[in-house]
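Colleague: Contents of data-v6.pdb (PDB, C-alpha atoms) are given next:
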```
ATOM      1  CA  MET A   1      -0.113   8.500  45.863
ATOM      2  CA  ASN A   2      -3.379  10.356  46.368
ATOM      3  CA  LYS A   3      -6.422  10.111  44.089
ATOM      4  CA  ALA A   4      -5.756  13.398  42.234
ATOM      5  CA  ASN A   5      -2.191  12.377  41.381
ATOM      6  CA  LEU A   6      -3.373   8.980  40.193
ATOM      7  CA  SER A   7      -5.995  10.571  37.933
ATOM      8  CA  LEU A   8      -3.402  13.010  36.538
ATOM      9  CA  SER A   9      -0.990  10.165  35.834
ATOM     10  CA  LEU A  10      -3.693   8.181  34.064
ATOM     11  CA  LEU A  11      -4.651  11.241  32.003
ATOM     12  CA  CYS A  12      -1.017  11.841  30.984
ATOM     13  CA  LEU A  13      -0.635   8.167  30.114
ATOM     14  CA  SER A  14      -3.765   8.235  27.935
ATOM     15  CA  LEU A  15      -2.635  11.438  26.187
ATOM     16  CA  SER A  16       0.839  10.080  25.487
ATOM     17  CA  ALA A  17      -0.703   6.871  24.124
ATOM     18  CA  LEU A  18      -2.930   8.928  21.838
ATOM     19  CA  LEU A  19      -0.039  11.102  20.669
ATOM     20  CA  SER A  20       2.078   8.067  19.899
ATOM     21  CA  LEU A  21      -0.577   6.593  17.564
ATOM     22  CA  PRO A  22       0.491   8.493  14.416
ATOM     23  CA  ALA A  23       4.016   7.192  14.957
ATOM     24  CA  GLN A  24       2.667   3.682  14.442
ATOM     25  CA  ALA A  25       1.452   4.593  10.938
ATOM     26  CA  HIS A  26       3.019   2.869   8.005
ATOM     27  CA  ASP A  27       6.181   4.880   7.397
ATOM     28  CA  PRO A  28       7.889   4.372   3.997
ATOM     29  CA  LYS A  29      11.235   4.264   5.837
ATOM     30  CA  GLU A  30      10.095   1.033   7.496
ATOM     31  CA  HIS A  31      10.379  -0.620   4.117
ATOM     32  CA  MET A  32      13.849   0.694   3.286
ATOM     33  CA  LYS A  33      15.514  -2.239   4.967
ATOM     34  CA  ASP A  34      13.743  -4.704   2.678
ATOM     35  CA  GLY A  35      13.471  -2.256  -0.229
ATOM     36  CA  HIS A  36      14.531  -3.457  -3.630
ATOM     37  CA  LYS A  37      16.360  -1.399  -6.231
ATOM     38  CA  PRO A  38      14.539  -0.529  -9.433
ATOM     39  CA  ASN A  39      15.682  -2.815 -12.215
ATOM     40  CA  CYS A  40      16.452  -0.008 -14.643
ATOM     41  CA  ALA A  41      18.364  -2.301 -16.968
ATOM     42  CA  ALA A  42      14.929  -3.596 -18.055
ATOM     43  CA  MET A  43      14.183  -0.156 -19.518
ATOM     44  CA  LYS A  44      16.807  -0.761 -22.210
ATOM     45  CA  ASP A  45      14.726  -3.634 -23.563
ATOM     46  CA  MET A  46      11.561  -1.524 -23.753
ATOM     47  CA  ASP A  47      10.480  -0.098 -27.093
ATOM     48  CA  HIS A  48      11.579   3.533 -26.743
ATOM     49  CA  SER A  49       9.858   4.541 -29.978
ATOM     50  CA  LYS A  50       6.522   3.778 -28.309
ATOM     51  CA  MET A  51       7.381   5.746 -25.185
ATOM     52  CA  ASP A  52       5.604   9.053 -24.866
ATOM     53  CA  MET A  53       7.887  11.335 -22.860
ATOM     54  CA  THR A  54       4.936  13.520 -21.881
ATOM     55  CA  ASP A  55       3.195  10.537 -20.260
ATOM     56  CA  PRO A  56       3.469  10.780 -16.439
ATOM     57  CA  LEU A  57       4.032   7.027 -16.327
ATOM     58  CA  VAL A  58       7.148   7.272 -18.504
ATOM     59  CA  GLN A  59       8.274  10.373 -16.620
ATOM     60  CA  ALA A  60       7.908   8.497 -13.331
ATOM     61  CA  MET A  61      10.037   5.596 -14.560
ATOM     62  CA  MET A  62      12.692   7.952 -15.930
ATOM     63  CA  ARG A  63      12.783   9.855 -12.644
ATOM     64  CA  LYS A  64      13.099   6.686 -10.604
ATOM     65  CA  CYS A  65      15.974   5.419 -12.723
ATOM     66  CA  THR A  66      17.739   8.793 -12.753
ATOM     67  CA  GLN A  67      17.554   8.917  -8.945
ATOM     68  CA  GLN A  68      18.890   5.409  -8.767
ATOM     69  CA  MET A  69      21.743   6.225 -11.145
ATOM     70  CA  HIS A  70      22.688   9.327  -9.127
ATOM     71  CA  ALA A  71      22.593   7.341  -5.903
ATOM     72  CA  GLU A  72      24.860   4.672  -7.383
ATOM     73  CA  HIS A  73      27.277   7.258  -8.770
ATOM     74  CA  ALA A  74      27.347   9.060  -5.435
ATOM     75  CA  ALA A  75      28.050   5.791  -3.645
ATOM     76  CA  ALA A  76      30.817   4.950  -6.130
ATOM     77  CA  GLY A  77      32.253   8.483  -5.698
ATOM     78  CA  ASP A  78      32.243   8.079  -1.919
ATOM     79  CA  ILE A  79      34.144   4.823  -2.189
ATOM     80  CA  ARG A  80      36.733   6.348  -4.533
ATOM     81  CA  GLU A  81      37.121   9.389  -2.275
ATOM     82  CA  GLU A  82      37.542   7.166   0.756
ATOM     83  CA  GLN A  83      40.164   5.088  -1.019
ATOM     84  CA  GLY A  84      42.028   8.238  -2.135
ATOM     85  CA  GLN A  85      42.040   9.645   1.397
ATOM     86  CA  ARG A  86      43.321   6.368   2.784
ATOM     87  CA  GLN A  87      46.098   6.256   0.198
ATOM     88  CA  LYS A  88      47.084   9.862   0.900
ATOM     89  CA  GLN A  89      47.093   9.164   4.635
ATOM     90  CA  GLU A  90      49.327   6.169   4.138
ATOM     91  CA  GLU A  91      51.755   8.246   2.064
ATOM     92  CA  THR A  92      52.008  11.127   4.552
ATOM     93  CA  GLU A  93      52.184   9.027   7.701
ATOM     94  CA  PRO A  94      55.767   8.150   8.745
ATOM     95  CA  GLN A  95      56.532   4.526   8.121
ATOM     96  CA  PRO A  96      57.113   2.594  11.339
ATOM     97  CA  GLN A  97      60.830   1.971  11.815
ATOM     98  CA  PRO A  98      61.854  -1.659  12.136
ATOM     99  CA  GLU A  99      62.931  -2.506  15.638
ATOM    100  CA  PRO A 100      66.676  -2.950  16.028
ATOM    101  CA  GLU A 101      67.658  -6.544  16.322
ATOM    102  CA  HIS A 102      68.915  -7.658  19.704
ATOM    103  CA  LYS A 103      72.330  -9.051  19.533
ATOM    104  CA  HIS A 104      72.091 -11.356  22.431
ATOM    105  CA  LYS A 105      69.587 -14.122  22.582
ATOM    106  CA  HIS A 106      67.679 -15.123  25.651
TER     107      HIS A 106
ATOM    108  CA  MET B   1     -59.134  -6.595   9.166
ATOM    109  CA  ASP B   2     -58.565 -10.337   8.747
ATOM    110  CA  LYS B   3     -56.064  -9.603   5.984
ATOM    111  CA  LEU B   4     -54.109  -7.266   8.256
ATOM    112  CA  LYS B   5     -54.053  -9.864  11.028
ATOM    113  CA  CYS B   6     -52.864 -12.460   8.565
ATOM    114  CA  LEU B   7     -50.106 -10.149   7.311
ATOM    115  CA  LEU B   8     -48.951  -9.319  10.835
ATOM    116  CA  ALA B   9     -48.919 -13.001  11.751
ATOM    117  CA  THR B  10     -46.834 -13.797   8.655
ATOM    118  CA  VAL B  11     -44.317 -11.051   9.469
ATOM    119  CA  PHE B  12     -44.119 -12.253  13.087
ATOM    120  CA  ILE B  13     -43.565 -15.874  12.043
ATOM    121  CA  ALA B  14     -40.928 -14.817   9.494
ATOM    122  CA  LEU B  15     -39.159 -12.779  12.178
ATOM    123  CA  ILE B  16     -39.176 -15.667  14.636
ATOM    124  CA  ALA B  17     -38.016 -18.082  11.927
ATOM    125  CA  GLY B  18     -35.185 -15.693  10.982
ATOM    126  CA  LEU B  19     -34.078 -15.328  14.591
ATOM    127  CA  ALA B  20     -34.283 -19.087  15.085
ATOM    128  CA  PHE B  21     -32.083 -19.603  12.038
ATOM    129  CA  ILE B  22     -29.513 -17.056  13.259
ATOM    130  CA  TYR B  23     -29.331 -18.649  16.710
ATOM    131  CA  SER B  24     -29.294 -22.188  15.327
ATOM    132  CA  GLY B  25     -25.717 -21.748  14.042
ATOM    133  CA  PHE B  26     -26.540 -23.588  10.808
ATOM    134  CA  TYR B  27     -25.296 -20.836   8.484
ATOM    135  CA  PRO B  28     -21.809 -21.797   7.215
ATOM    136  CA  MET B  29     -19.395 -19.004   8.148
ATOM    137  CA  GLY B  30     -16.198 -20.492   6.699
ATOM    138  CA  ALA B  31     -14.564 -18.424   3.969
ATOM    139  CA  ASP B  32     -14.216 -21.591   1.900
ATOM    140  CA  VAL B  33     -17.995 -22.020   1.570
ATOM    141  CA  PRO B  34     -19.582 -19.409  -0.711
ATOM    142  CA  HIS B  35     -22.746 -17.543   0.259
ATOM    143  CA  ASN B  36     -25.982 -18.738  -1.236
ATOM    144  CA  PRO B  37     -27.030 -16.573  -4.221
ATOM    145  CA  LEU B  38     -29.616 -14.646  -2.198
ATOM    146  CA  SER B  39     -27.184 -13.733   0.601
ATOM    147  CA  TYR B  40     -24.524 -12.849  -1.964
ATOM    148  CA  TRP B  41     -26.866 -10.581  -3.885
ATOM    149  CA  ALA B  42     -28.111  -8.897  -0.697
ATOM    150  CA  LEU B  43     -24.615  -8.282   0.688
ATOM    151  CA  GLU B  44     -23.138  -7.162  -2.623
ATOM    152  CA  THR B  45     -26.003  -4.769  -3.317
ATOM    153  CA  LEU B  46     -25.803  -3.419   0.227
ATOM    154  CA  ARG B  47     -22.033  -2.840  -0.187
ATOM    155  CA  GLU B  48     -22.213  -1.257  -3.634
ATOM    156  CA  ARG B  49     -25.101   1.066  -2.797
ATOM    157  CA  SER B  50     -23.614   2.111   0.517
ATOM    158  CA  ILE B  51     -20.208   2.951  -0.975
ATOM    159  CA  ALA B  52     -21.691   4.769  -3.973
ATOM    160  CA  ARG B  53     -23.799   6.945  -1.665
ATOM    161  CA  ALA B  54     -20.967   7.661   0.775
ATOM    162  CA  ALA B  55     -18.445   8.478  -1.972
ATOM    163  CA  ALA B  56     -20.736  10.635  -4.107
ATOM    164  CA  GLU B  57     -19.583  13.976  -2.664
ATOM    165  CA  ILE B  58     -15.831  13.310  -2.588
ATOM    166  CA  ARG B  59     -13.796  15.881  -4.566
ATOM    167  CA  VAL B  60     -11.192  14.261  -6.822
ATOM    168  CA  PRO B  61      -7.890  16.204  -7.100
ATOM    169  CA  ALA B  62      -7.242  17.567 -10.582
ATOM    170  CA  ASP B  63      -3.564  16.567 -10.535
ATOM    171  CA  LEU B  64      -4.107  12.853 -10.085
ATOM    172  CA  ASN B  65      -2.166  11.764 -13.182
ATOM    173  CA  GLN B  66       1.272  12.999 -12.146
ATOM    174  CA  ALA B  67       4.645  11.263 -11.984
ATOM    175  CA  GLU B  68       5.141  12.090  -8.269
ATOM    176  CA  ARG B  69       1.804  10.560  -7.356
ATOM    177  CA  LEU B  70       2.480   7.431  -9.398
ATOM    178  CA  LEU B  71       5.837   6.898  -7.701
ATOM    179  CA  ALA B  72       4.513   7.478  -4.189
ATOM    180  CA  GLY B  73       1.326   5.486  -4.760
ATOM    181  CA  GLY B  74       3.139   2.644  -6.480
ATOM    182  CA  ALA B  75       5.457   1.971  -3.578
ATOM    183  CA  ASP B  76       2.538   2.025  -1.118
ATOM    184  CA  TYR B  77       0.435  -0.250  -3.349
ATOM    185  CA  ASN B  78       3.271  -2.763  -3.452
ATOM    186  CA  ASP B  79       3.635  -2.702   0.342
ATOM    187  CA  MET B  80      -0.016  -2.646   1.306
ATOM    188  CA  CYS B  81      -2.205  -3.985  -1.485
ATOM    189  CA  ALA B  82      -0.349  -6.271  -3.911
ATOM    190  CA  GLY B  83      -0.598  -9.270  -1.566
ATOM    191  CA  CYS B  84      -4.376  -9.430  -2.107
ATOM    192  CA  HIS B  85      -4.967  -7.385  -5.266
ATOM    193  CA  LEU B  86      -1.978  -8.835  -7.169
ATOM    194  CA  GLN B  87       0.602  -7.301  -9.465
ATOM    195  CA  PRO B  88       1.338  -7.600 -13.195
ATOM    196  CA  GLY B  89       2.478 -11.094 -14.093
ATOM    197  CA  LYS B  90       0.960 -12.664 -10.991
ATOM    198  CA  GLN B  91      -2.342 -14.483 -11.283
ATOM    199  CA  GLN B  92      -2.932 -15.475  -7.667
ATOM    200  CA  SER B  93      -1.602 -15.310  -4.118
ATOM    201  CA  ASP B  94      -2.416 -17.054  -0.851
ATOM    202  CA  PHE B  95      -4.692 -14.138   0.047
ATOM    203  CA  SER B  96      -6.463 -13.943  -3.305
ATOM    204  CA  LEU B  97      -7.149 -17.684  -3.091
ATOM    205  CA  GLY B  98      -8.222 -17.742   0.540
ATOM    206  CA  LEU B  99     -10.212 -14.565   1.095
ATOM    207  CA  TYR B 100     -13.967 -14.465   0.632
ATOM    208  CA  PRO B 101     -15.287 -12.432  -1.053
ATOM    209  CA  VAL B 102     -12.356 -12.766  -3.459
ATOM    210  CA  PRO B 103     -10.382  -9.479  -3.565
ATOM    211  CA  PRO B 104     -10.633  -7.884  -7.021
ATOM    212  CA  ASN B 105      -7.592  -8.291  -9.263
ATOM    213  CA  LEU B 106      -6.683  -4.632  -9.747
ATOM    214  CA  THR B 107      -4.163  -5.357 -12.481
ATOM    215  CA  GLN B 108      -7.071  -6.061 -14.822
ATOM    216  CA  ALA B 109      -8.980  -3.199 -16.386
ATOM    217  CA  GLU B 110     -12.599  -2.815 -15.311
ATOM    218  CA  THR B 111     -14.893  -4.404 -17.851
ATOM    219  CA  ASP B 112     -17.754  -1.989 -17.315
ATOM    220  CA  GLU B 113     -17.307   1.536 -18.629
ATOM    221  CA  GLU B 114     -17.565   3.320 -15.310
ATOM    222  CA  ASP B 115     -16.899   7.005 -15.182
ATOM    223  CA  ALA B 116     -13.228   7.490 -14.188
ATOM    224  CA  THR B 117     -14.079  10.200 -11.664
ATOM    225  CA  ALA B 118     -16.741   8.072  -9.990
ATOM    226  CA  GLU B 119     -14.323   5.161  -9.886
ATOM    227  CA  ALA B 120     -11.608   7.346  -8.313
ATOM    228  CA  ARG B 121     -14.075   8.522  -5.638
ATOM    229  CA  ILE B 122     -15.108   4.965  -4.834
ATOM    230  CA  ARG B 123     -11.516   3.715  -4.660
ATOM    231  CA  PHE B 124     -10.521   6.575  -2.384
ATOM    232  CA  TRP B 125     -13.437   5.855  -0.073
ATOM    233  CA  ILE B 126     -12.713   2.114   0.041
ATOM    234  CA  ILE B 127      -8.994   2.603   0.779
ATOM    235  CA  LYS B 128      -9.748   5.172   3.458
ATOM    236  CA  HIS B 129     -12.649   3.427   5.190
ATOM    237  CA  GLY B 130     -12.210  -0.255   4.327
ATOM    238  CA  ILE B 131     -15.098  -2.696   3.960
ATOM    239  CA  LYS B 132     -16.642  -4.594   6.842
ATOM    240  CA  ALA B 133     -16.198  -8.396   6.957
ATOM    241  CA  SER B 134     -14.255  -8.523   3.705
ATOM    242  CA  GLY B 135     -10.623  -8.397   4.785
ATOM    243  CA  MET B 136     -10.263  -4.857   3.369
ATOM    244  CA  PRO B 137      -8.827  -2.677   6.149
ATOM    245  CA  ALA B 138      -9.409   1.049   6.643
ATOM    246  CA  TRP B 139      -6.113   2.807   5.869
ATOM    247  CA  GLY B 140      -7.536   6.203   6.828
ATOM    248  CA  PRO B 141      -6.527   6.113  10.503
ATOM    249  CA  SER B 142      -2.850   5.747   9.621
ATOM    250  CA  HIS B 143      -2.573   7.402   6.172
ATOM    251  CA  ASP B 144      -3.498  10.963   5.220
ATOM    252  CA  ASP B 145      -5.789  11.770   2.292
ATOM    253  CA  ASP B 146      -2.979  12.842  -0.025
ATOM    254  CA  ARG B 147      -1.220   9.530   0.409
ATOM    255  CA  ILE B 148      -4.451   7.666  -0.339
ATOM    256  CA  TRP B 149      -4.991   9.756  -3.492
ATOM    257  CA  ASN B 150      -1.485   8.730  -4.605
ATOM    258  CA  MET B 151      -2.595   5.107  -4.434
ATOM    259  CA  VAL B 152      -5.768   5.942  -6.382
ATOM    260  CA  ALA B 153      -3.583   7.614  -9.037
ATOM    261  CA  PHE B 154      -1.418   4.521  -9.280
ATOM    262  CA  LEU B 155      -4.473   2.233  -9.543
ATOM    263  CA  GLN B 156      -5.674   4.154 -12.587
ATOM    264  CA  ARG B 157      -2.497   3.214 -14.483
ATOM    265  CA  LEU B 158      -1.888  -0.225 -12.966
ATOM    266  CA  PRO B 159      -3.736  -2.307 -15.625
ATOM    267  CA  GLU B 160      -1.444  -1.011 -18.384
ATOM    268  CA  LEU B 161       1.836  -1.852 -16.602
ATOM    269  CA  SER B 162       4.145  -4.688 -17.574
ATOM    270  CA  PRO B 163       5.923  -6.604 -14.779
ATOM    271  CA  GLU B 164       9.138  -4.677 -15.566
ATOM    272  CA  GLN B 165       7.441  -1.280 -15.425
ATOM    273  CA  TYR B 166       5.704  -2.262 -12.202
ATOM    274  CA  GLN B 167       9.033  -3.264 -10.630
ATOM    275  CA  ILE B 168      10.633   0.082 -11.484
ATOM    276  CA  LEU B 169       7.688   2.179 -10.312
ATOM    277  CA  THR B 170       7.145   0.383  -7.035
ATOM    278  CA  ALA B 171      10.764  -0.111  -5.972
ATOM    279  CA  ARG B 172      11.464   1.638  -2.694
ATOM    280  CA  ALA B 173      15.207   2.107  -2.960
ATOM    281  CA  GLU B 174      17.346   4.159  -0.589
ATOM    282  CA  SER B 175      17.724   6.816  -3.292
ATOM    283  CA  ASP B 176      14.073   7.779  -2.623
ATOM    284  CA  THR B 177      14.863   9.278   0.762
ATOM    285  CA  GLU B 178      17.974  11.056  -0.436
ATOM    286  CA  GLN B 179      15.959  13.052  -2.937
ATOM    287  CA  HIS B 180      13.400  14.341  -0.409
TER     288      HIS B 180
END
```
Show the structure stored in the file as structure tokens.
Modeller:
Amino acid sequence: MNKANLSLSLLCLSLSALLSLPAQAHDPKEHMKDGHKPNCAAMKDMDHSKMDMTDPLVQAMMRKCTQQMHAEHAAAGDIREEQGQRQKQEETEPQPQPEPEHKHKH
Amino acid sequence: MDKLKCLLATVFIALIAGLAFIYSGFYPMGADVPHNPLSYWALETLRERSIARAAAEIRVPADLNQAERLLAGGADYNDMCAGCHLQPGKQQSDFSLGLYPVPPNLTQAETDEEDATAEARIRFWIIKHGIKASGMPAWGPSHDDDRIWNMVAFLQRLPELSPEQYQILTARAESDTEQH
């Protein structure tokens, strides 16, 4: 490898290292694996009469719990749909015929 | 003329004595030994004045108190800050006990009546740039300004949160990505 090629390679390597830096930033998706669900059941125990629905804090909590509820319903719907499809498939598929018994024994 | 010579000699001796002290290695550098009051005052004043000057021109977004910002900032605060700056219902952590200077407990409201805008500017600057030799990192290189403002927005409401409210606001569930 001549000197010019070596310099070019080093330059490319430096540039790619620089470009890869933003990818090392703290990505919220990194925390999904150890993310915890919002405990929205706790909202039931809060004093709703003191909650101001125009307060961004209350709005944020409501939004978070609504998203969570939708996600749970969607997941439950998926499971039901999957079960229904499996049941339908089982009904339409021909049942395997039992093998005829051999009369003579080995 | 004699007075000037005397003054110069005093400054020179003080300089030599200071250098000798630095090189002697006698100053305790462990985080478990507090600074003497003079060093503490000097460093704290240096920090406060420097940050106030650097943050003075920062423009605070008008839409800081919004639900979206609280949700985004809350999750980031929980991931990046709560270990040192605590969360509602928690009085101490390994970091809050071991770091020196002690990281401020951000779940407690500021006692002094500082202007909210000035406080927002200062918090933004500190999160973005960090503070030398304090354990506070600069999040600016890896987080854009908008994301840092979200954390500032969350900090403004943090002292009024109960542990239950904090848990809901900071939870980073899978439903978050499905909505975006």
Colleague: From the options A:Arg86, A:Lys50, A:Lys44, A:Lys37, which residue's atoms come nearest to Glu72 (chain A), counting only C-alpha atoms?
Modeller: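 Once distances to Glu72 (chain A) are computed over only C-alpha atoms, the minimum belongs to A:Lys37.
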Colleague: For a test of reading the model, state the distance in Å between CA of Gln156 (chain B) and CA of Pro103 (chain B), rounded to one decimal.
Modeller: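 Interatomic distance, CA of Gln156 (chain B) to CA of Pro103 (chain B): 17.0 Å.
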Colleague: Interatomic distance between CA of His129 (chain B) and CA of Pro34 (chain B)?
Modeller: 24.6 Å
Colleague: What are the residues of chain A that have an atom within 6 Å of an atom of chain B, counting only C-alpha atoms, as a PyMOL selection string?
Modeller: chain A and resi 25+35-39+56+59-61+68+71
Colleague: Please identify all polymer residues lying at most 12 Å from the point (-21.0, 7.8, -6.7) (file coordinates), using only C-alpha atoms, and present the result as number ranges by chain.
Modeller: B: 48-60, 114-125
Colleague: Can you list what the PyMOL selection byres ((chain B and resi 81) around 12) grabs from this structure, as an mmCIF file with C-alpha atoms, in the coordinates of the input?
Modeller:
```cif
data_model
loop_
_atom_site.group_PDB
_atom_site.id
_atom_site.type_symbol
_atom_site.label_atom_id
_atom_site.label_comp_id
_atom_site.auth_asym_id
_atom_site.auth_seq_id
_atom_site.Cartn_x
_atom_site.Cartn_y
_atom_site.Cartn_z
ATOM 1 C CA GLY B 73 1.326 5.486 -4.760
ATOM 2 C CA GLY B 74 3.139 2.644 -6.480
ATOM 3 C CA ALA B 75 5.457 1.971 -3.578
ATOM 4 C CA ASP B 76 2.538 2.025 -1.118
ATOM 5 C CA TYR B 77 0.435 -0.250 -3.349
ATOM 6 C CA ASN B 78 3.271 -2.763 -3.452
ATOM 7 C CA ASP B 79 3.635 -2.702 0.342
ATOM 8 C CA MET B 80 -0.016 -2.646 1.306
ATOM 9 C CA ALA B 82 -0.349 -6.271 -3.911
ATOM 10 C CA GLY B 83 -0.598 -9.270 -1.566
ATOM 11 C CA CYS B 84 -4.376 -9.430 -2.107
ATOM 12 C CA HIS B 85 -4.967 -7.385 -5.266
ATOM 13 C CA LEU B 86 -1.978 -8.835 -7.169
ATOM 14 C CA GLN B 87 0.602 -7.301 -9.465
ATOM 15 C CA SER B 93 -1.602 -15.310 -4.118
ATOM 16 C CA PHE B 95 -4.692 -14.138 0.047
ATOM 17 C CA SER B 96 -6.463 -13.943 -3.305
ATOM 18 C CA PRO B 103 -10.382 -9.479 -3.565
ATOM 19 C CA PRO B 104 -10.633 -7.884 -7.021
ATOM 20 C CA ASN B 105 -7.592 -8.291 -9.263
ATOM 21 C CA LEU B 106 -6.683 -4.632 -9.747
ATOM 22 C CA THR B 107 -4.163 -5.357 -12.481
ATOM 23 C CA ILE B 127 -8.994 2.603 0.779
ATOM 24 C CA GLY B 135 -10.623 -8.397 4.785
ATOM 25 C CA MET B 136 -10.263 -4.857 3.369
ATOM 26 C CA PRO B 137 -8.827 -2.677 6.149
ATOM 27 C CA ALA B 138 -9.409 1.049 6.643
ATOM 28 C CA TRP B 139 -6.113 2.807 5.869
ATOM 29 C CA ILE B 148 -4.451 7.666 -0.339
ATOM 30 C CA MET B 151 -2.595 5.107 -4.434
ATOM 31 C CA VAL B 152 -5.768 5.942 -6.382
ATOM 32 C CA PHE B 154 -1.418 4.521 -9.280
ATOM 33 C CA LEU B 155 -4.473 2.233 -9.543
ATOM 34 C CA THR B 170 7.145 0.383 -7.035
#
```
Colleague: Tell me, in Å to one decimal, how far CA of Ala153 (chain B) is from CA of Leu43 (chain B).
Modeller: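 Going from CA of Ala153 (chain B) over to CA of Leu43 (chain B), I get 28.1 Å.
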Colleague: I'd like the residues picked by the PyMOL selection byres ((chain B and resi 26-31) around 12) written out as JSON, numbers by chain, using the chain letters and numbers from the file.
Modeller: {"B": [18, 19, 20, 21, 22, 23, 24, 25, 32, 33, 34, 35, 36, 39, 95, 96, 97, 98, 99, 100, 101, 102, 133, 134, 135]}
Colleague: Extending 4 Å beyond the listed atoms of region 79-86 of chain B on each side, what axis-aligned box results? I want centre and edge lengths in Å to one decimal, as AutoDock Vina command-line options.
Modeller:
```
--center_x -0.7 --center_y -6.0 --center_z -2.9 --size_x 16.6 --size_y 14.8 --size_z 16.5
```
